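Since the structure comes first, as structure tokens, the remarks are kept for the end.
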Amino acid sequence: MPDTTFVDYSTRIPNNVDLASDNRVLKALEQWHPGYIDWWMTMGPDGFQTSDVYLRTAVSIDPKGWAKFDYVKMPEYRWGILLAPQDEDRRVNFGAHKGEKAWQEVPGEYRAMLRRLVVIQGDTEPASVEQQRHLGKTAPSLYDMRNLFQVNVEEGRHLWAMVYLLQKYFGRDGREEAQGLLERRSGDADKPRMLGAFNEETPDWLSFFMFTFFTDRDGKMQLESLAQSGFDPMSRTCRFMLTEEAHHMFVGETGIGRVIERTCDAMKAAGIEDPYDIARVRSLGVIDLPTLQKKANLHYSLSLDLFGSEVSTNAANFFNAGLKGRFMETKIDDDHQLTSATYPVLKLVDGEIRTVDEPALTAINMRLRDDYTKDCQGGVTRWNRIIEKAGIPFRLSLPSVAFNRRIGEFRNVEASPDGKLLTAEQWAKMRDQWLPSKDDGDYIASLMQPCWERGKFAPWISVPKIGIDQKPGDFEYVKIHQA
Ligand SMILES: [Fe+2]
Ligand SMILES: [Fe+2]
């Protein structure tokens with residue numbers, strides 16, 4: 001067996017799956033490559049394709065030393081196929097096939113289901129690159145610009161990861177799906193991306209940080225549950241993707257954290273104690289905390305929709321088939337088959353929000369969403385510590401799961417962030433207090449002035465505590481050459 005710890009860079013497509021001796025797949029990927037580059041050039045970061053960006057590239061899948069940093073022009077980034085190491089003894093750990101040896105090939109009966117899972121995951125990856133393509137132009141610093149581009153090239157690599165699975169395991173339909181992934185476009189009326197949140201705009205940096213905190217975190221949860229898959233190549237692919245995803249979480253959490261810190265510092269310096277004195281806070285050129293809460297309300301609720309219906313037979317089928325497990329499946333203390341277990345689900349019953357026990361098997365989405373909420377809450381708590389330390393009487397919070405939903409139990413009702421059901425008129429009256437208004441958007445847009453000088457930061461965001469790859473504060477993370 002070839003050494004799979006290190007990545008083979010001798011082929012055009014770097015990999016640790018011995019592509020050199022898998023001619024059929026290598027050819028299919030090489031044929032797909034030009035279309036991908038075309039897509040990257042037209043839909044990737046606008047205006048920076050010739051700039052030198054200080055990026056990390058995976059050179060090994062060893063968790064301690066997998067990345068190397070260097071200046072790279074993004075179209076020359078070495079997008080590769082990287083799978084976590086194979087464990088010969090791995091088993092299917094849940095569902096009807098629990099205890100069987102993990103599958104190295106797609107089980108015939110689950111082919112369509114599995115392909116669907118790969119395509120849905122795959123579709124989100126290029127979508128976010130498309131959503132973020134104009135942000136470089138308004139980057140608040142070279143440091144942030146570099147982080148944006150790092151996220152972008154890694155989302156591109158995640159697309160490669162899913163396309164590899166399609167090309168290797170799904171024959172002709174896999175190739176067609178791989179093509180389709182390059183053809184849909186975020187927000188396009190005729191050929192939209194598959195999931196709602198990936199067709200929304202990411203117009204400014206506050207949206208970008210919220211997106212990486214809330215929506216990339218949905219991605220993390222999906223990858224976590226696919227990493228449990230009995231289909232071993234899926235599991236190995238997702239496990240490696242999660243190591244990259246951790247950086248995306250970091251960008252979101254620290255990005256918002258720095259905005260909060262800057263706002264609190266400016267308020268203190270100006271002697272403003274009331275966080276709701278929005279006009280005065282804005283006159284300082286920083287983002288007021290109530291607006292941050294509205295942005296969080298928006299991105300959290302859009303991201304909750306990505307988990308699908310709370311009660312879902314599809315999710316039950318994926319679980320039963322051993323294709324998609326729960327968060328930390330192997331650490332959960334139960335039978336991993338859920339033949340008789342129940343799970344509490346929030347539902348709309350007689351016009352009220354109530355907890356109802358549902359069969360745990362059909363409540364898989366709800367459970368994953370609850371785990372997601374806990375993960376989000378951790379970040380929100382850390383943000384609140386910054387506000388608390390500044391002595392400002394304000395706390396951010398996650399809105400009710402009934403707030404602003406388009407999918408699932410609460411899709412047909414309106415609710416306040418604290419979970420009270422509202423009439424359409426009540427909602428219309430309050431909407432702009434809870435979600436970003438046109439005014440809020442205009443104000444944020446007015447702050448989005450590029451700040452590209454080495455070591456300088458836009459006035460609405462604080463300086464990061466440490467540099468990327470331990471670089472000093474004035475490091476030139478992007479050498480800008482505009483085409
Ligand atoms: Fe991704
Ligand atoms: Fe991501």
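Please note that chains go A, B, ... in the order of the structure tokens, that every chain numbers its residues from 1, and that ligands are numbered from 1 in the order shown.
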Do you know which residues are within 9 Å of ligand 2 using only C-alpha atoms and all ligand atoms? Can you write them as a CSV table (one decimal) with C-alpha atoms, in the first residue's frame?
chain,number,residue,atom,x,y,z
A,125,GLU,CA,-18.8,24.7,-1.5
A,128,SER,CA,-20.1,30.3,-0.9
A,151,VAL,CA,-11.6,30.3,3.0
A,152,ASN,CA,-12.3,30.6,-0.7
A,154,GLU,CA,-10.5,25.7,0.7
A,155,GLU,CA,-14.2,25.8,-0.3
A,158,HIS,CA,-14.0,20.9,-0.8
A,212,THR,CA,-18.5,31.9,8.4
A,215,THR,CA,-23.4,29.0,7.9
A,216,ASP,CA,-20.0,27.4,7.7
A,217,ARG,CA,-20.9,25.9,11.1
A,219,GLY,CA,-21.3,22.9,7.1
A,220,LYS,CA,-19.2,21.7,10.0
A,241,MET,CA,-12.4,18.7,5.4
A,242,LEU,CA,-13.2,19.3,9.0
A,244,GLU,CA,-9.9,23.0,7.1
A,245,GLU,CA,-13.3,24.0,8.3
A,246,ALA,CA,-11.9,24.8,11.8
A,247,HIS,CA,-10.2,27.8,10.2
A,248,HIS,CA,-13.4,29.0,8.8
A,249,MET,CA,-15.0,28.9,12.2
Q: Can you pull out every residue within 7 Å of Phe94 in chain A, counting only C-alpha atoms, but drop anything in the same chain fewer than 3 positions away, and send it as a ChimeraX atom specification?
A: /A:97-98,322,325,336-337
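Summary of the local environment: counting only C-alpha atoms, residues at most 7 Å from range 161-168 of chain A, other than itself and those fewer than 3 positions away along its chain, are Val25, Ala28, Ile81, Val118, Gly122, Arg157, His158, Gly171, Gly174, Arg175, Ala178 and Thr237 of chain A.
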Keeping N, CA, C and O atoms for every residue in the selection just given, could you write it to a file as an mmCIF file, in the first residue's frame?
data_model
loop_
_atom_site.group_PDB
_atom_site.id
_atom_site.type_symbol
_atom_site.label_atom_id
_atom_site.label_comp_id
_atom_site.auth_asym_id
_atom_site.auth_seq_id
_atom_site.Cartn_x
_atom_site.Cartn_y
_atom_site.Cartn_z
ATOM 1 N N VAL A 25 -9.956 7.501 -13.014
ATOM 2 C CA VAL A 25 -10.369 8.655 -12.211
ATOM 3 C C VAL A 25 -9.470 9.865 -12.479
ATOM 4 O O VAL A 25 -9.942 10.997 -12.584
ATOM 5 N N ALA A 28 -10.690 11.437 -15.591
ATOM 6 C CA ALA A 28 -11.976 12.129 -15.384
ATOM 7 C C ALA A 28 -11.738 13.458 -14.670
ATOM 8 O O ALA A 28 -12.311 14.486 -15.041
ATOM 9 N N ILE A 81 -6.803 16.174 -3.726
ATOM 10 C CA ILE A 81 -7.717 15.189 -3.145
ATOM 11 C C ILE A 81 -7.053 14.618 -1.908
ATOM 12 O O ILE A 81 -6.030 13.931 -2.013
ATOM 13 N N VAL A 118 -23.810 13.524 -1.460
ATOM 14 C CA VAL A 118 -22.554 14.095 -1.966
ATOM 15 C C VAL A 118 -22.838 15.367 -2.763
ATOM 16 O O VAL A 118 -22.153 16.387 -2.612
ATOM 17 N N GLY A 122 -21.633 19.028 -1.910
ATOM 18 C CA GLY A 122 -20.755 19.610 -2.927
ATOM 19 C C GLY A 122 -21.253 20.959 -3.422
ATOM 20 O O GLY A 122 -20.466 21.876 -3.658
ATOM 21 N N ARG A 157 -11.448 23.581 -2.692
ATOM 22 C CA ARG A 157 -10.916 22.234 -2.490
ATOM 23 C C ARG A 157 -12.010 21.278 -2.007
ATOM 24 O O ARG A 157 -12.029 20.103 -2.358
ATOM 25 N N HIS A 158 -12.934 21.793 -1.210
ATOM 26 C CA HIS A 158 -14.048 20.946 -0.765
ATOM 27 C C HIS A 158 -14.903 20.508 -1.949
ATOM 28 O O HIS A 158 -15.437 19.402 -1.956
ATOM 29 N N GLY A 171 -19.623 6.650 -11.551
ATOM 30 C CA GLY A 171 -19.633 6.473 -13.007
ATOM 31 C C GLY A 171 -20.200 7.655 -13.757
ATOM 32 O O GLY A 171 -19.945 8.812 -13.426
ATOM 33 N N GLY A 174 -22.203 10.262 -11.959
ATOM 34 C CA GLY A 174 -21.287 11.044 -11.132
ATOM 35 C C GLY A 174 -20.637 12.150 -11.950
ATOM 36 O O GLY A 174 -20.521 13.288 -11.500
ATOM 37 N N ARG A 175 -20.236 11.809 -13.163
ATOM 38 C CA ARG A 175 -19.609 12.828 -14.030
ATOM 39 C C ARG A 175 -20.598 13.934 -14.380
ATOM 40 O O ARG A 175 -20.251 15.113 -14.418
ATOM 41 N N ALA A 178 -20.964 16.145 -11.407
ATOM 42 C CA ALA A 178 -19.755 16.967 -11.233
ATOM 43 C C ALA A 178 -19.818 18.180 -12.159
ATOM 44 O O ALA A 178 -19.415 19.292 -11.796
ATOM 45 N N THR A 237 -12.969 11.489 3.623
ATOM 46 C CA THR A 237 -12.964 12.800 2.964
ATOM 47 C C THR A 237 -13.423 13.875 3.934
ATOM 48 O O THR A 237 -12.785 14.926 4.077
#
Q.
List the spatial neighbours of Val153 in chain A as a ChimeraX atom specification - criterion: any atom at most 12 Å away, only C-alpha atoms, same-chain residues fewer than 2 positions off excluded.
A. /A:37,40,44-45,49,53-58,72-80,125-126,128-130,132-133,146-151,155-160,244-245,248
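For the choices A:Gly455, A:Gln433, A:Arg258, A:Glu273, the atom-to-atom distance to Gly467 in chain A is smallest for A:Gly455 when using only C-alpha atoms.
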